[in-house]
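All remarks here apply to the structure that follows.
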Amino acid sequence: MSKIKIGFIIFLGFFAFSGNSIDALSETTSNIMMDPIEYVICDEDGFAEINILDIQSDILSEYNNGVSFDDEAVLISTGIGHVIKIGNLSSATTTSEVICGLPAANPLSDIAVDEDGVVYVTNFNSIRILDETDCSTTAVPGLTGLPSTNSLSFDTQGNMYYGGGNSSVVYRYDSDEMSAPYIWHNFGSGAPSGDFVMLGDKMYIAWNSNGIRLYEVTLDDNFNYVSHIDLGTILNSTFGLASELGELYGVSSSRLYRINLDTFTFTTIVTNDFTHGAWWGAAGLHEAFSFEASSHVSPDDANNDVNPLPDNWTNTQQGGQTIYIRIENTVTGTFDVVEVNIVVTDTIPELTDPSELVICDNDTNFTYDLTTVETELLQNVTNAVNVTYYNSEEDATLSVNAVNANYTTTLNPETIYVRVENVDDGCFAITQFTISAVTGPSIETPNNLTQCADENNGVFDLTQVENELLQNNSIPVNVSYHTTMTDATNGTNSIATNYQISSTQETIYVRVENTNDASCFATTQFEIIFNESLQITTPNDITECESVNNGVFDLTQVEAELLINSPNNVVVTYHESITDATENTNAISTNYTATTNQNTIYIRVQSTDTNCFAITQFDVISIERLGIETPSDLTLCEGENNGLFDLTQVENELLQNVTQNTNITYHISLADAEANTNPIDTNYTLTSGQATIFVRVNNTNTVCFETTQFTVQILNNPSVESMVNSPSARLLTDCYIDSNTDGYFNLNDIYPQIVTNGNTSYTLEFYLSEDNAEQEINSIDAIYYAMNDTEEIFVSVTNQNGCKSITNFFVNPDCYDTIVDISNIKFPAFFTPNNDMANDTWNVKGISIAVQQTAIMYIFDRYGKLLYYFRPGQIEGWNGTYRGKPMPSNDYWYKFETSEGQSFSGSFSLIR
């Protein structure tokens with residue numbers, strides 16, 4: 001059979017019927033026929049495929065056998081003891097009614113309705129029956145010692161289920177009230193959050209376990225627990241569930257919402273404004289009711305519940321047919337039969353598909369007058385009709401969500417569906433058309449065009465404005481120019497883009513239209529202005545020396561001559577090419593550095609009043625530098641050349657890179673050199689200190705010159721002690737003995753006696769005569785072996801500047817006899833006493849005479865026996881004998897002791 005459960009159904013027609021009273025629900029069968037209902041279906045040939053399920057749903061929704069559409073409702077209990085009835089659940093606008101208001105001290109944690117429509121409430125501690133007439137409550141017989149209860153419901157047999165608190169146990173109290181409540185099922189964990197409601201053959205429970213979960217429970221024929229599954233999380237704070245006419249609802253503290261079990265999605269029905277407190281419990285007004293419908297072609301088939309029609313059925317009688325719908329209460333088994341007369345008519349409006357509706361709009365929101373299409377749409381329609389517009393064919397078919405005829409959208413293009421419905425019989429036709437917005441030109445008002453009298457003979461290229469005009473435009477356009485705004489608006493009498501002006505100023509009107517739609521256009525205007533040209537004078541060239549201002553030219557010096565015949569309001573710019581001057585680009589600085597010896601400069605003079613300009617040129621000529629070098633300074637020592645400087649000594653260095661013909665003058669100031677005044681003699685005398693000399697080098701072929709400078713300076717001689725006349729005044733008393741026992745002097749030892757100012761950087765040269773020292777010839781070595789009596793030594797002292805001073809001192813060889821010096825002491829390694837006059841004796845060497853006369857030498861054999869001793873200065877040395885007898889060849893030992901207590905020992909060899 002084709003059966004559906006009662007739920008929210010879209011109406012296909014208007015109808016009314018009546019049926020059994022509420023008392024009839026106790027009967028097991030019924031064949032009472034209700035008032036007939038008529039359905040009008042539009043179709044051209046009198047046959048139509050009919051959706052039987054839609055008709056059954058309509059009738060179930062309107063069925064009033066004790067359950068009219070107006071009674072569809074959910075009861076809600078609140079935290080302040082109120083009971084609220086929310087009706088019209090399937091409608092866009094719900095109703096709200098306060099049924100009872102119990103004292104605030106009695107918050108109602110849940111509410112339930114049994115199969116007889118009796119309302120029960122619980123306040124956590126007890127379950128009571130609510131009398132809706134006076135809002136009084138009475139205790140339920142047999143229910144005592146209840147656990148904390150926040151969930152309460154009935155099955156379709158009238159059995160009560162309750163539970164709550166933190167307990168996972170659900171209790172059942174059978175409808176016969178013959179036995180005490182008992183544990184129906186222990187879920188093991190969690191606790192009920194709200195209700196145990198029946199929907200079809202399943203029970204649904206809101207369960208608090210890691211959030212609010214929805215359990216679906218499978219029952220046996222006696223409503224005993226078999227198993228359950230966890231469908232998932234529902235809305236937080238869901239404290240109640242309700243089953244009403246085939247739909248499942250959830251109630252949280254803030255909203256009532258429908259639960260779609262197929263998609264497990266939630267749709268809010270109404271929100272709580274908290275006027276009556278938080279919503280805690282819920283119950284469907286007809287929670288224990290259940291109806292099914294089936295359709296038949298005869299009353300007998302309907303009464304006998306045989307031969308049901310399929311869900312989609314085509315009438316077998318042209319123009320319409322009567323069917324019979326059986327509505328059965330699945331709880332009580334009673335039923336009613338509704339006669340439905342289906343009329344198939346062919347009065348569908350004949351529509352003409354409208355042309356595309358196009359507007360011109362640059363905005364991102366487009367507004368259309370959709371009624372614009374109706375003249376074309378309804379040209380073949382003669383009946384009175386209603387016209388509505390939609391965004392989808394489905395909405396148009398169902399006649400829902402119509403859009404305003406003054407329609408605003410952001411889509412471009414977009415399809416609009418139009419429904420044309422007969423006023424008299426409701427037959428309708430649907431078609432569609434496209435709406436689109438053509439983007440209009442986006443234009444800017446261009447700047448005026450100006451032209452001077454010497455340009456193009458007064459012919460203006462009007463297209464010059466188009467870059468600026470269309471700078472923000474992004475669509476293909478056609479541009480035309482006109483002499484009146486009327487012509488531009490109408491798109492008539494366009495003028496050539498090469499336009500000959502007939503006066504000094506004219507207004508040009510521009511029309512810019514979309515290439516694909518000429519009706520979509522914009523207009524603007526600009527001026528063309530014809531000005532006189534400037535009069536300027538070509539200036540003379542500028543010639544300057546490269547050495548002046550470092551080769552930088554002040555170009556503005558030509559402007560007095562340039563502008564002698566020009567107005568005041570001009571801008572002058574300088575350029576390196578005629579192109580740059582013409583295009584007014586790459587202007588150069590008025591302080592111009594030439595890159596070659598001769599450069600051409602182009603001048604642009606432009607009027608600030610008319611923008612007209614004129615161009616001329618001149619040359620800047622740079623005379624090349626001489627390329628002189630700054631010479632080295634000149635110096636003299638004190639007394640040298642009587643302080644007379646030959647200034648021409650600098651000229652080789654000064655002119656080393658100069659190839660031009662020149663003359664040179666010397667000056668004592670830069671000002672004199674630059675002015676070429678007060679030259680000085682090239683033989684310049686300076687008595688002390690230093691002076692700066694400024695040199696002017698003139699190019700004899702031009703007026704160009706260059707200057708530089710150098711210094712002349714008298715340098716100080718070394719500061720030394722003056723000459724002496726006798727050894728007693730300055731005698732070098734330090735002398736030395738070399739390894740051959742010869743005496744000598746180190747003449748550098750005299751330094752502290754002749755240089756007493758602390759300067760240690762002077763150098764010394766020594767001579768045997770003052771003339772040699774003056775002439776710096778025949779110098780002697782600083783290690784000097786004096787052979788005669790007292791000798792005079794002359795010394796030349798030179799400082800860092802190369803200046804010299806001469807003084808003297810004396811040396812006396814008698815120093816050799818008195819000095820105690822063993823610094824070069826030496827003991828021969830062997831001797832050969834064979835009377836050949838070579839190495840016949842052995843003696844110490846390299847000691848002074850004073851040491852020779854006072855020291856003692858001891859000779860030992862290898863056993864330590866003393867063989868001989870002597871003073872080294874008294875004899876030639878040991879002759880290799882002991883008591884007159886020659887000693888054999890062997891190694892012998894010596895010990896040498898000085899009168900100062902110094903001692904030396906070692907060995908030597910006697911070789912025969």
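Residue names in the structure tokens use chain letters A, B, ... in the order shown, residue numbers from 1 in each chain, and ligand numbers from 1 in the order shown.
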_Leu235 (chain A) surroundings by only C-alpha atoms, 9 Å radius, close-in-sequence under 3 positions cut, as a VMD selection string_ = chain A and resid 211 to 213 238 250 to 252 266
*Which distance in Å separates CA of Leu563 (chain A) and CA of Ser503 (chain A), to one decimal?*
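We find that CA of Leu563 (chain A) and CA of Ser503 (chain A) lie 28.5 Å from each other.
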*Give the answer as one residue: which of A:Thr507, A:Asn663, A:Glu638, A:Ser167 has the shortest atom-to-atom distance to Thr700 (chain A), using only C-alpha atoms?*
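Nearest candidate to Thr700 (chain A) out of A:Thr507, A:Asn663, A:Glu638, A:Ser167: A:Asn663.
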_For Ser769 (chain A), find every residue with an atom within 12 Å (counting only C-alpha atoms), except residues of its own chain fewer than 5 positions away, and show them as a ChimeraX atom specification._
/A:774-780,791-796,806-809
Expected file: the selected residues, N, CA, C and O atoms, as a PDB file, in the first residue's frame:
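Contents of selection-v6.pdb, freshly written:
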```
ATOM      1  N   GLU A 774     133.249  70.365   6.339  1.00  0.00           N
ATOM      2  CA  GLU A 774     132.443  71.329   5.613  1.00  0.00           C
ATOM      3  C   GLU A 774     132.103  70.797   4.230  1.00  0.00           C
ATOM      4  O   GLU A 774     130.995  70.967   3.733  1.00  0.00           O
ATOM      5  N   GLN A 775     133.116  70.182   3.603  1.00  0.00           N
ATOM      6  CA  GLN A 775     132.914  69.709   2.235  1.00  0.00           C
ATOM      7  C   GLN A 775     132.334  68.296   2.178  1.00  0.00           C
ATOM      8  O   GLN A 775     132.057  67.784   1.086  1.00  0.00           O
ATOM      9  N   GLU A 776     132.252  67.666   3.358  1.00  0.00           N
ATOM     10  CA  GLU A 776     131.701  66.307   3.456  1.00  0.00           C
ATOM     11  C   GLU A 776     132.520  65.351   2.596  1.00  0.00           C
ATOM     12  O   GLU A 776     131.981  64.564   1.814  1.00  0.00           O
ATOM     13  N   ILE A 777     133.898  65.410   2.785  1.00  0.00           N
ATOM     14  CA  ILE A 777     134.783  64.490   2.066  1.00  0.00           C
ATOM     15  C   ILE A 777     135.716  63.835   3.068  1.00  0.00           C
ATOM     16  O   ILE A 777     135.965  64.362   4.152  1.00  0.00           O
ATOM     17  N   ASN A 778     136.254  62.675   2.699  1.00  0.00           N
ATOM     18  CA  ASN A 778     137.266  61.962   3.486  1.00  0.00           C
ATOM     19  C   ASN A 778     136.781  61.690   4.906  1.00  0.00           C
ATOM     20  O   ASN A 778     137.512  61.902   5.891  1.00  0.00           O
ATOM     21  N   SER A 779     135.586  61.201   5.024  1.00  0.00           N
ATOM     22  CA  SER A 779     135.096  60.854   6.364  1.00  0.00           C
ATOM     23  C   SER A 779     135.826  59.627   6.869  1.00  0.00           C
ATOM     24  O   SER A 779     136.366  58.825   6.100  1.00  0.00           O
ATOM     25  N   ILE A 780     135.936  59.489   8.193  1.00  0.00           N
ATOM     26  CA  ILE A 780     136.588  58.344   8.824  1.00  0.00           C
ATOM     27  C   ILE A 780     135.523  57.478   9.484  1.00  0.00           C
ATOM     28  O   ILE A 780     134.399  57.939   9.761  1.00  0.00           O
ATOM     29  N   GLU A 791     144.570  63.398  19.375  1.00  0.00           N
ATOM     30  CA  GLU A 791     144.126  63.798  18.042  1.00  0.00           C
ATOM     31  C   GLU A 791     142.784  64.540  18.151  1.00  0.00           C
ATOM     32  O   GLU A 791     141.954  64.227  19.007  1.00  0.00           O
ATOM     33  N   GLU A 792     142.585  65.531  17.204  1.00  0.00           N
ATOM     34  CA  GLU A 792     141.325  66.292  17.139  1.00  0.00           C
ATOM     35  C   GLU A 792     140.434  65.647  16.064  1.00  0.00           C
ATOM     36  O   GLU A 792     140.886  65.418  14.946  1.00  0.00           O
ATOM     37  N   ILE A 793     139.191  65.410  16.424  1.00  0.00           N
ATOM     38  CA  ILE A 793     138.193  64.811  15.515  1.00  0.00           C
ATOM     39  C   ILE A 793     137.076  65.835  15.287  1.00  0.00           C
ATOM     40  O   ILE A 793     136.570  66.441  16.232  1.00  0.00           O
ATOM     41  N   PHE A 794     136.663  66.022  13.993  1.00  0.00           N
ATOM     42  CA  PHE A 794     135.554  66.919  13.652  1.00  0.00           C
ATOM     43  C   PHE A 794     134.325  66.057  13.296  1.00  0.00           C
ATOM     44  O   PHE A 794     134.442  65.069  12.552  1.00  0.00           O
ATOM     45  N   VAL A 795     133.176  66.474  13.784  1.00  0.00           N
ATOM     46  CA  VAL A 795     131.949  65.688  13.592  1.00  0.00           C
ATOM     47  C   VAL A 795     130.871  66.575  12.943  1.00  0.00           C
ATOM     48  O   VAL A 795     130.657  67.703  13.357  1.00  0.00           O
ATOM     49  N   SER A 796     130.219  66.034  11.866  1.00  0.00           N
ATOM     50  CA  SER A 796     129.093  66.700  11.193  1.00  0.00           C
ATOM     51  C   SER A 796     127.787  66.027  11.686  1.00  0.00           C
ATOM     52  O   SER A 796     127.614  64.819  11.519  1.00  0.00           O
ATOM     53  N   ILE A 806     128.479  71.506  12.636  1.00  0.00           N
ATOM     54  CA  ILE A 806     129.820  70.909  12.817  1.00  0.00           C
ATOM     55  C   ILE A 806     130.361  71.332  14.172  1.00  0.00           C
ATOM     56  O   ILE A 806     130.261  72.507  14.570  1.00  0.00           O
ATOM     57  N   THR A 807     130.971  70.348  14.895  1.00  0.00           N
ATOM     58  CA  THR A 807     131.690  70.631  16.145  1.00  0.00           C
ATOM     59  C   THR A 807     132.879  69.693  16.214  1.00  0.00           C
ATOM     60  O   THR A 807     133.177  68.978  15.222  1.00  0.00           O
ATOM     61  N   ASN A 808     133.578  69.645  17.383  1.00  0.00           N
ATOM     62  CA  ASN A 808     134.790  68.828  17.465  1.00  0.00           C
ATOM     63  C   ASN A 808     134.948  68.227  18.846  1.00  0.00           C
ATOM     64  O   ASN A 808     134.254  68.609  19.794  1.00  0.00           O
ATOM     65  N   PHE A 809     135.923  67.285  18.956  1.00  0.00           N
ATOM     66  CA  PHE A 809     136.325  66.693  20.238  1.00  0.00           C
ATOM     67  C   PHE A 809     137.710  66.062  20.023  1.00  0.00           C
ATOM     68  O   PHE A 809     138.261  66.049  18.913  1.00  0.00           O
TER      69      PHE A 809
END
```
*What does the distance from CA of Thr515 (chain A) to CA of Pro476 (chain A) come to in Å, to one decimal?*
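That distance, rounded to one decimal, is 5.5 Å.
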*Every residue of region 460-667 of chain A that DSSP places in helix (DSSP H, G or I), as an MDAnalysis selection string*: chainID A and resid 462:469 485:490 548:551 555:562 578:583 640:643 647:654
Would you write out those residues with N, CA and C atoms, as a CSV table (one decimal), in the first residue's frame?
```
chain,number,residue,atom,x,y,z
A,462,LEU,N,41.2,65.6,-32.0
A,462,LEU,CA,40.4,65.4,-30.9
A,462,LEU,C,40.6,64.1,-30.1
A,463,THR,N,41.2,63.1,-30.8
A,463,THR,CA,41.5,61.8,-30.1
A,463,THR,C,42.5,61.9,-29.1
A,464,GLN,N,43.2,63.1,-29.0
A,464,GLN,CA,44.2,63.2,-28.0
A,464,GLN,C,43.7,63.1,-26.6
A,465,VAL,N,42.4,63.4,-26.4
A,465,VAL,CA,41.8,63.3,-25.1
A,465,VAL,C,41.4,61.9,-24.7
A,466,GLU,N,41.5,60.9,-25.5
A,466,GLU,CA,40.9,59.6,-25.3
A,466,GLU,C,41.6,58.8,-24.2
A,467,ASN,N,43.0,59.0,-24.1
A,467,ASN,CA,43.7,58.3,-23.0
A,467,ASN,C,43.1,58.7,-21.7
A,468,GLU,N,43.0,60.0,-21.5
A,468,GLU,CA,42.5,60.5,-20.2
A,468,GLU,C,41.0,60.2,-20.1
A,469,LEU,N,40.2,60.4,-21.2
A,469,LEU,CA,38.8,60.2,-21.2
A,469,LEU,C,38.5,58.7,-20.7
A,485,MET,N,25.5,69.4,-27.2
A,485,MET,CA,25.2,68.3,-26.3
A,485,MET,C,24.0,67.5,-26.8
A,486,THR,N,23.0,68.2,-27.5
A,486,THR,CA,21.9,67.5,-28.1
A,486,THR,C,22.3,66.4,-29.1
A,487,ASP,N,23.2,66.8,-29.9
A,487,ASP,CA,23.8,65.9,-30.9
A,487,ASP,C,24.5,64.7,-30.2
A,488,ALA,N,25.3,65.0,-29.2
A,488,ALA,CA,26.0,64.0,-28.5
A,488,ALA,C,25.0,63.0,-27.8
A,489,THR,N,23.9,63.6,-27.2
A,489,THR,CA,22.9,62.7,-26.5
A,489,THR,C,22.2,61.8,-27.5
A,490,ASN,N,21.9,62.4,-28.7
A,490,ASN,CA,21.1,61.6,-29.7
A,490,ASN,C,22.0,60.8,-30.6
A,548,VAL,N,87.4,77.8,-14.5
A,548,VAL,CA,86.5,78.7,-13.8
A,548,VAL,C,85.3,77.9,-13.4
A,549,ASN,N,84.9,78.0,-12.1
A,549,ASN,CA,83.8,77.2,-11.5
A,549,ASN,C,83.8,75.7,-11.8
A,550,ASN,N,85.0,75.2,-12.0
A,550,ASN,CA,85.2,73.8,-12.2
A,550,ASN,C,84.4,73.3,-13.5
A,551,GLY,N,84.3,74.2,-14.5
A,551,GLY,CA,83.7,73.8,-15.7
A,551,GLY,C,82.1,73.9,-15.6
A,555,LEU,N,73.6,78.7,-17.0
A,555,LEU,CA,72.9,78.9,-18.2
A,555,LEU,C,71.9,80.1,-18.2
A,556,THR,N,71.5,80.5,-17.0
A,556,THR,CA,70.5,81.6,-16.9
A,556,THR,C,71.1,82.9,-17.4
A,557,GLN,N,72.4,83.0,-17.6
A,557,GLN,CA,73.0,84.3,-18.0
A,557,GLN,C,72.5,84.7,-19.4
A,558,VAL,N,71.9,83.7,-20.1
A,558,VAL,CA,71.4,84.1,-21.5
A,558,VAL,C,70.0,84.6,-21.5
A,559,GLU,N,69.3,84.6,-20.3
A,559,GLU,CA,67.8,84.8,-20.3
A,559,GLU,C,67.5,86.3,-20.5
A,560,ALA,N,68.3,87.2,-20.1
A,560,ALA,CA,68.0,88.6,-20.4
A,560,ALA,C,67.9,88.9,-21.9
A,561,GLU,N,68.9,88.3,-22.6
A,561,GLU,CA,68.8,88.5,-24.1
A,561,GLU,C,67.7,87.6,-24.7
A,562,LEU,N,67.5,86.4,-24.2
A,562,LEU,CA,66.5,85.5,-24.7
A,562,LEU,C,65.1,86.1,-24.6
A,578,ILE,N,66.9,68.6,-29.2
A,578,ILE,CA,65.7,69.2,-29.7
A,578,ILE,C,64.5,68.4,-29.4
A,579,THR,N,64.6,67.1,-29.4
A,579,THR,CA,63.5,66.2,-29.0
A,579,THR,C,63.0,66.5,-27.6
A,580,ASP,N,64.0,66.5,-26.7
A,580,ASP,CA,63.7,66.7,-25.3
A,580,ASP,C,63.0,68.1,-25.1
A,581,ALA,N,63.5,69.1,-25.8
A,581,ALA,CA,63.0,70.4,-25.7
A,581,ALA,C,61.5,70.4,-26.2
A,582,THR,N,61.3,69.8,-27.3
A,582,THR,CA,60.0,69.7,-27.9
A,582,THR,C,59.0,69.0,-27.0
A,583,GLU,N,59.4,67.9,-26.5
A,583,GLU,CA,58.5,67.1,-25.7
A,583,GLU,C,58.5,67.5,-24.2
A,640,GLU,N,122.0,78.6,4.7
A,640,GLU,CA,122.2,78.1,3.3
A,640,GLU,C,121.8,79.1,2.3
A,641,ASN,N,122.7,79.4,1.4
A,641,ASN,CA,122.4,80.4,0.3
A,641,ASN,C,121.9,81.7,0.8
A,642,ASN,N,122.2,82.0,2.0
A,642,ASN,CA,121.7,83.3,2.6
A,642,ASN,C,120.2,83.4,2.5
A,643,GLY,N,119.4,82.3,2.6
A,643,GLY,CA,118.0,82.3,2.5
A,643,GLY,C,117.4,82.7,1.2
A,647,LEU,N,112.7,80.5,-7.3
A,647,LEU,CA,111.3,80.0,-7.4
A,647,LEU,C,111.1,79.2,-8.7
A,648,THR,N,111.9,79.4,-9.7
A,648,THR,CA,111.7,78.7,-11.0
A,648,THR,C,112.1,77.3,-10.8
A,649,GLN,N,112.6,76.9,-9.7
A,649,GLN,CA,112.9,75.4,-9.5
A,649,GLN,C,111.7,74.6,-9.6
A,650,VAL,N,110.5,75.2,-9.3
A,650,VAL,CA,109.3,74.4,-9.3
A,650,VAL,C,108.7,74.2,-10.7
A,651,GLU,N,109.2,74.9,-11.7
A,651,GLU,CA,108.5,74.9,-12.9
A,651,GLU,C,108.5,73.6,-13.7
A,652,ASN,N,109.6,72.8,-13.6
A,652,ASN,CA,109.6,71.5,-14.3
A,652,ASN,C,108.4,70.6,-13.8
A,653,GLU,N,108.3,70.6,-12.5
A,653,GLU,CA,107.2,69.8,-11.9
A,653,GLU,C,105.8,70.4,-12.2
A,654,LEU,N,105.8,71.8,-12.1
A,654,LEU,CA,104.5,72.5,-12.3
A,654,LEU,C,103.9,72.3,-13.7
```
